[in-house]
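J.: What follows is final06.txt; its format and atoms are compact mmCIF, C-alpha atoms.
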# COMPACT_ATOMS: atom_id res chain seq x y z
CA VAL A 7 -62.34 -10.58 32.03
CA GLY A 8 -64.68 -13.49 31.70
CA ASP A 9 -65.01 -16.68 29.76
CA LEU A 10 -62.63 -16.32 26.82
CA PRO A 11 -64.23 -18.59 24.19
CA ALA A 12 -67.61 -16.90 24.68
CA ASP A 13 -65.94 -13.48 24.47
CA LEU A 14 -64.21 -14.45 21.25
CA ARG A 15 -67.39 -15.72 19.71
CA ARG A 16 -69.11 -12.43 20.42
CA HIS A 17 -66.15 -10.51 19.01
CA ARG A 18 -66.33 -12.56 15.83
CA ALA A 19 -70.02 -11.79 15.51
CA ALA A 20 -69.25 -8.08 15.72
CA ALA A 21 -66.79 -8.06 12.79
CA PRO A 22 -68.41 -7.39 9.39
CA GLY A 23 -66.38 -10.16 7.75
CA ARG A 24 -67.94 -12.67 10.09
CA LEU A 25 -71.42 -11.75 8.96
CA PHE A 26 -70.81 -14.07 6.00
CA ASP A 27 -70.40 -16.99 8.38
CA GLU A 28 -73.83 -16.24 9.74
CA GLY A 29 -75.39 -16.25 6.29
CA ALA A 30 -76.03 -12.50 5.99
CA ALA A 31 -76.86 -11.03 2.56
CA PRO A 32 -73.74 -9.80 0.71
CA LEU A 33 -75.22 -6.30 0.40
CA LEU A 34 -75.59 -6.09 4.17
CA VAL A 35 -71.99 -7.17 4.59
CA VAL A 36 -70.81 -4.49 2.16
CA VAL A 37 -72.84 -1.76 3.87
CA ALA A 38 -71.69 -2.85 7.34
CA ALA A 39 -68.03 -2.99 6.29
CA LEU A 40 -68.15 0.46 4.68
CA ALA A 41 -70.07 1.94 7.62
CA VAL A 42 -67.30 0.78 9.96
CA SER A 43 -65.01 3.10 7.97
CA ALA A 44 -66.82 6.21 9.25
CA PRO A 45 -64.14 7.02 11.87
CA LEU A 46 -61.52 6.64 9.12
CA VAL A 47 -63.31 9.20 6.98
CA ALA A 48 -63.31 11.63 9.89
CA SER A 49 -59.61 11.02 10.55
CA ALA A 50 -58.72 11.34 6.86
CA SER A 51 -60.65 14.62 6.68
CA SER A 52 -58.82 16.10 9.67
CA LEU A 53 -55.54 14.95 8.18
CA ALA A 54 -56.40 16.47 4.80
CA ALA A 55 -56.88 19.89 6.38
CA GLN A 56 -53.30 19.64 7.70
CA LEU A 57 -51.65 18.62 4.40
CA PRO A 58 -52.37 21.55 2.06
CA ARG A 59 -49.27 21.06 -0.10
CA ALA A 60 -49.31 17.32 -0.73
CA SER A 61 -49.42 16.21 -4.39
CA THR A 62 -52.09 13.80 -5.62
CA PRO A 63 -49.75 10.74 -5.61
CA GLN A 64 -48.65 11.67 -2.09
CA ARG A 65 -52.28 11.88 -1.04
CA ALA A 66 -53.02 8.53 -2.66
CA LEU A 67 -50.22 6.99 -0.58
CA ALA A 68 -51.36 8.82 2.55
CA ALA A 69 -54.92 7.54 2.01
CA PHE A 70 -53.73 3.95 1.65
CA LEU A 71 -52.14 4.15 5.10
CA VAL A 72 -55.01 5.93 6.92
CA VAL A 73 -55.92 4.34 10.23
CA VAL A 74 -57.39 6.23 13.19
CA PRO A 75 -54.36 5.79 15.50
CA ALA A 76 -51.85 6.91 12.84
CA CYS A 77 -53.88 10.05 12.16
CA ALA A 78 -54.24 10.68 15.90
CA VAL A 79 -50.48 10.42 16.49
CA ALA A 80 -49.78 12.77 13.58
CA LEU A 81 -52.48 15.29 14.50
CA ASN A 82 -51.30 15.37 18.13
CA ARG A 83 -47.78 16.13 16.87
CA PHE A 84 -49.02 18.77 14.40
CA GLN A 85 -50.66 20.65 17.26
CA GLN A 86 -47.22 21.29 18.70
CA GLY A 87 -46.21 22.95 15.42
CA LEU A 88 -44.63 21.38 12.33
CA SER A 89 -44.00 22.89 8.89
CA ALA A 90 -46.33 21.80 6.06
CA ARG A 91 -43.60 19.78 4.30
CA ARG A 92 -42.53 17.96 7.43
CA ARG A 93 -46.11 17.12 8.35
CA LEU A 94 -46.50 14.80 5.35
CA ARG A 95 -43.19 13.08 6.10
CA TYR A 96 -44.07 12.72 9.78
CA TYR A 97 -47.47 11.20 9.01
CA LEU A 98 -46.06 8.82 6.38
CA GLY A 99 -43.38 7.68 8.82
CA VAL A 100 -45.89 6.99 11.58
CA ALA A 101 -48.44 5.35 9.29
CA THR A 102 -45.88 3.17 7.48
CA ALA A 103 -44.48 1.93 10.78
CA MET A 104 -47.99 1.08 12.00
CA TYR A 105 -48.85 -0.60 8.69
CA LEU A 106 -45.77 -2.83 8.76
CA VAL A 107 -46.18 -3.78 12.41
CA TRP A 108 -49.87 -4.49 11.85
CA GLN A 109 -49.19 -6.80 8.86
CA LEU A 110 -46.29 -8.51 10.58
CA THR A 111 -48.09 -9.15 13.87
CA THR A 112 -51.22 -10.30 12.05
CA ALA A 113 -49.10 -12.81 10.12
CA ILE A 114 -47.45 -13.98 13.34
CA GLY A 115 -50.87 -14.33 14.93
CA LEU A 116 -52.15 -16.39 11.98
CA VAL A 117 -49.16 -18.73 12.05
CA ALA A 118 -48.49 -18.99 15.76
CA GLY A 119 -51.67 -17.67 17.40
CA ALA A 120 -53.37 -21.03 17.88
CA GLY A 121 -50.49 -22.26 20.04
CA LEU A 122 -50.15 -19.10 22.10
CA ARG A 123 -51.75 -18.85 25.52
CA LEU A 124 -51.66 -15.17 26.42
CA PRO A 125 -53.32 -13.71 29.51
CA ASP A 126 -56.78 -12.28 28.77
CA VAL A 127 -55.65 -8.99 30.25
CA LEU A 128 -53.52 -8.29 27.17
CA GLN A 129 -56.66 -7.86 25.07
CA PHE A 130 -56.96 -4.51 26.83
CA THR A 131 -53.69 -3.23 25.32
CA ALA A 132 -55.31 -1.74 22.23
CA PRO A 133 -57.99 0.27 24.11
CA LEU A 134 -55.30 1.53 26.51
CA ALA A 135 -53.06 2.63 23.64
CA MET A 136 -56.01 4.53 22.18
CA VAL A 137 -56.61 6.16 25.58
CA ALA A 138 -53.00 7.36 25.38
CA LEU A 139 -53.82 8.94 22.00
CA LEU A 140 -57.16 10.35 23.08
CA VAL A 141 -55.94 12.19 26.19
CA PRO A 142 -53.43 14.51 24.45
CA SER A 143 -55.81 15.10 21.52
CA VAL A 144 -58.30 16.93 23.77
CA THR A 145 -56.81 20.41 23.67
CA SER A 146 -59.85 22.67 23.51
CA ARG A 147 -63.21 23.06 25.14
CA ALA A 148 -64.87 22.09 21.84
CA ALA A 149 -62.85 18.87 21.69
CA ARG A 150 -63.77 18.05 25.29
CA THR A 151 -67.48 18.55 24.58
CA ALA A 152 -67.28 16.51 21.36
CA VAL A 153 -65.45 13.68 23.13
CA THR A 154 -68.02 13.61 25.95
CA VAL A 155 -71.00 13.56 23.60
CA ALA A 156 -69.37 10.99 21.27
CA SER A 157 -68.61 8.73 24.26
CA VAL A 158 -72.12 8.88 25.70
CA VAL A 159 -73.85 8.27 22.36
CA ALA A 160 -71.45 5.48 21.32
CA LEU A 161 -72.05 3.79 24.67
CA ALA A 162 -75.81 4.17 24.45
CA GLY A 163 -75.74 2.43 21.06
CA VAL A 164 -73.29 -0.28 22.04
CA ALA A 165 -75.82 -3.09 21.64
CA LEU A 166 -76.72 -2.09 18.08
CA PRO A 167 -75.24 -4.25 15.30
CA ALA A 168 -72.45 -3.45 12.87
CA GLY A 169 -70.86 -0.65 14.87
CA ILE A 170 -73.85 1.66 14.53
CA GLY A 171 -73.25 2.95 18.08
CA THR A 172 -69.73 4.09 17.18
CA ILE A 173 -70.94 5.80 14.01
CA ALA A 174 -73.75 7.55 15.88
CA GLY A 175 -71.27 8.64 18.56
CA LEU A 176 -68.91 10.02 15.95
CA GLY A 177 -71.75 11.85 14.20
CA ALA A 178 -73.00 13.37 17.45
CA GLY A 179 -69.47 14.45 18.37
CA LEU A 180 -68.98 16.14 14.99
CA TRP A 181 -72.34 17.81 15.28
CA VAL A 182 -71.63 19.43 18.65
CA GLY A 183 -68.12 20.29 17.46
CA MET A 184 -69.59 22.08 14.45
CA ARG A 185 -71.89 24.11 16.66
CA ASP A 186 -69.29 25.04 19.26
CA GLU A 187 -68.05 28.57 18.56
CA GLY A 188 -65.11 28.15 20.93
CA GLY A 189 -63.62 25.52 18.67
CA ALA A 190 -60.19 27.08 18.12
CA SER A 191 -57.54 25.18 20.03
CA VAL B 222 -68.44 -15.26 -6.82
CA THR B 223 -70.79 -13.02 -4.83
CA THR B 224 -68.45 -13.27 -1.86
CA TRP B 225 -65.44 -12.13 -3.87
CA LEU B 226 -67.47 -9.36 -5.48
CA ALA B 227 -68.46 -8.14 -2.02
CA VAL B 228 -64.83 -8.31 -0.89
CA ALA B 229 -63.74 -6.30 -3.95
CA ILE B 230 -66.43 -3.66 -3.39
CA VAL B 231 -65.50 -3.31 0.27
CA ALA B 232 -61.79 -3.07 -0.57
CA GLY B 233 -62.38 -0.42 -3.24
CA GLY B 234 -64.94 1.41 -1.13
CA CYS B 235 -62.68 1.56 1.91
CA TYR B 236 -59.91 3.10 -0.18
CA VAL B 237 -62.22 5.63 -1.85
CA LEU B 238 -63.60 6.65 1.57
CA ARG B 239 -60.05 7.51 2.68
CA PHE B 240 -58.77 9.01 -0.56
CA GLY B 241 -61.88 11.13 -1.16
CA PRO B 242 -61.44 13.43 1.83
CA LEU B 243 -57.68 13.66 1.32
CA LEU B 244 -58.13 14.62 -2.32
CA LEU B 245 -61.07 16.99 -1.94
CA LEU B 246 -60.51 18.70 1.39
CA SER B 247 -56.82 19.64 1.25
CA GLY B 248 -55.78 23.14 0.40
CA ARG B 249 -59.13 24.77 0.03
CA GLN B 250 -60.94 27.21 2.27
CA LEU B 251 -63.59 25.28 4.15
CA PRO B 252 -66.76 26.77 5.61
CA ASP B 253 -66.30 27.67 9.28
CA ARG B 254 -68.70 25.04 10.52
CA VAL B 255 -66.97 22.26 8.59
CA ALA B 256 -63.55 23.41 9.78
CA ARG B 257 -64.81 23.38 13.37
CA ALA B 258 -66.22 19.87 12.96
CA LEU B 259 -62.92 18.68 11.47
CA ARG B 260 -60.96 20.05 14.41
CA VAL B 261 -62.83 17.73 16.75
CA ALA B 262 -63.11 14.81 14.28
CA GLY B 263 -59.96 13.06 15.50
CA PRO B 264 -60.81 13.12 19.22
CA ALA B 265 -64.47 12.30 18.53
CA ALA B 266 -63.55 9.29 16.36
CA LEU B 267 -61.13 8.00 19.02
CA ALA B 268 -63.67 8.47 21.80
CA ALA B 269 -66.42 6.70 19.84
CA LEU B 270 -64.06 3.73 19.36
CA VAL B 271 -62.37 3.67 22.77
CA VAL B 272 -65.26 4.11 25.17
CA PRO B 273 -67.29 1.11 23.94
CA ALA B 274 -64.06 -0.95 23.87
CA VAL B 275 -63.42 -0.07 27.51
CA VAL B 276 -66.93 -0.27 28.92
CA ALA B 277 -68.58 -2.97 26.80
CA PRO B 278 -66.12 -4.88 24.58
CA THR B 279 -68.64 -7.69 24.14
CA SER B 280 -71.47 -5.26 23.28
CA THR B 281 -73.27 -5.91 26.57
CA LEU B 282 -73.53 -3.32 29.33
CA ASP B 283 -72.58 -5.01 32.59
CA PRO B 284 -71.43 -2.52 35.26
CA ILE B 285 -69.78 -5.17 37.44
CA ALA B 286 -67.82 -6.71 34.57
CA ALA B 287 -66.90 -3.23 33.33
CA ALA B 288 -65.62 -1.95 36.69
CA PRO B 289 -62.05 -3.35 36.47
CA ARG B 290 -61.63 -2.02 32.93
CA LEU B 291 -63.01 1.40 33.95
CA VAL B 292 -60.60 1.59 36.89
CA ALA B 293 -57.71 0.57 34.60
CA ALA B 294 -58.68 3.13 31.94
CA ALA B 295 -59.01 5.87 34.58
CA ALA B 296 -55.54 5.00 35.90
CA ALA B 297 -54.24 5.17 32.32
CA VAL B 298 -55.73 8.65 31.86
CA VAL B 299 -54.13 9.90 35.10
CA VAL B 300 -50.73 8.41 34.21
CA HIS B 301 -50.82 9.89 30.72
CA ARG B 302 -51.71 13.34 32.03
CA ARG B 303 -48.76 13.23 34.43
CA ARG B 304 -46.08 11.47 32.41
CA ARG B 305 -47.11 11.77 28.74
CA SER B 306 -45.68 8.34 28.00
CA VAL B 307 -47.61 5.76 25.96
CA GLY B 308 -45.57 2.87 27.37
CA LEU B 309 -46.18 3.89 30.98
CA THR B 310 -49.86 4.50 30.23
CA VAL B 311 -50.44 1.06 28.70
CA GLY B 312 -48.25 -0.70 31.28
CA THR B 313 -50.04 0.89 34.22
CA GLY B 314 -53.45 0.17 32.69
CA LEU B 315 -52.60 -3.50 32.19
CA LEU B 316 -51.20 -3.85 35.72
CA VAL B 317 -54.25 -2.16 37.26
CA LEU B 318 -56.59 -4.33 35.19
CA GLY B 319 -54.74 -7.47 36.27
CA ALA B 320 -54.89 -6.43 39.92
CA ALA B 321 -58.55 -5.39 39.69
CA ASP B 322 -59.46 -8.71 38.04
CA VAL B 323 -57.83 -10.57 40.92
CA VAL B 324 -59.74 -8.44 43.46
CA VAL B 325 -63.06 -8.94 41.68
CA SER B 326 -62.67 -12.69 41.21
CA THR B 327 -61.83 -13.31 44.89
Starting from the file, lay out its structure as structure tokens.

T.:
Amino acid sequence: VGDLPADLRRHRAAAPGRLFDEGAAPLLVVVAALAVSAPLVASASSLAAQLPRASTPQRALAAFLVVVPACAVALNRFQQGLSARRRLRYYLGVATAMYLVWQLTTAIGLVAGAGLRLPDVLQFTAPLAMVALLVPSVTSRAARTAVTVASVVALAGVALPAGIGTIAGLGAGLWVGMRDEGGAS
Amino acid sequence: VTTWLAVAIVAGGCYVLRFGPLLLLSGRQLPDRVARALRVAGPAALAALVVPAVVAPTSTLDPIAAAPRLVAAAAAVVVHRRRRSVGLTVGTGLLVLGAADVVVST
């Protein structure tokens, strides 16, 4: 997988928070950090369409826990059929579990990470887990087209800073999805 | 102070970006085109995140360096189609990547 320290340095450069270390203007950091949230907005929007009955406090809680994988797990499950009341509970269960594990493992990493020597290969765990979410989420021709277009555009823009490639890919995917009449799954 | 102000704006902004759609979009009839876009939003967001992470995690396109990860991701897709298990998918992907790295580096 290559020279680890160099890889890490490039990863750090890609994270909006690290822009500060490189002396970027605060406004740029803010814009970059918010722009990275674009996939979250898309996920939250899809989720919203599935939770018609949730109260405002319930939505506030749901919003706090929104991450792309949690929404993907819930939306994949909803496609197999789940009553409106159970959908909220299912999503909150998934998202809370992910939230706790994320916080816990981040804390462990902060405390113990410097002493750990893990194989580089393990860095690929997160992309693989997302592959496992992506595959079952493609249930219609429209989704397949959107995924293809989003992938190609995101890849074409991979060298652009601040995750612009991912945002462009998402936008292109939504655009073709909007135009595809065969969108019903 | 500017740093903390930026952190506060990002924190607040990130929450508003999530809460906004959940508050505004639920329980109302959406235009057809928007509803269609939302149906593919989840898969499109995942794809836009996953594909760069698989092909170019360091933001540089290098076909030779990407080959082991592509093979591993393809194996993961096949395993997930057949077995529908996240654990098996990730495990197979990691094993294939490990094996492919050994092959490439020798």

J.: Atom CA of Leu291 of chain B to atom CA of Ser326 of chain B: how many Å, to one decimal?

T.: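 These two atoms are separated by 15.9 Å.
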
J.: Pick out the chain B residues within 7 Å of chain A. Count all atoms listed in the file. Give them as a ChimeraX atom specification.

T.: /B:224,227,231,234-236,238-240,242-244,246-248,254-255,257-275,279-281,294,297-298,301,307,310-311,314-315,318-319,322

J.: Can you tell me how far atom CA of Asp253 of chain B sits from atom CA of Leu94 of chain A, in Å to one decimal?

T.: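 Computing it gives 23.9 Å between the two atoms.
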
J.: I'd like the interatomic distance between atom CA of Arg83 of chain A and atom CA of Tyr96 of chain A, to a tenth of an Å.

T.: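 Between atom CA of Arg83 of chain A and atom CA of Tyr96 of chain A the gap is 8.7 Å.
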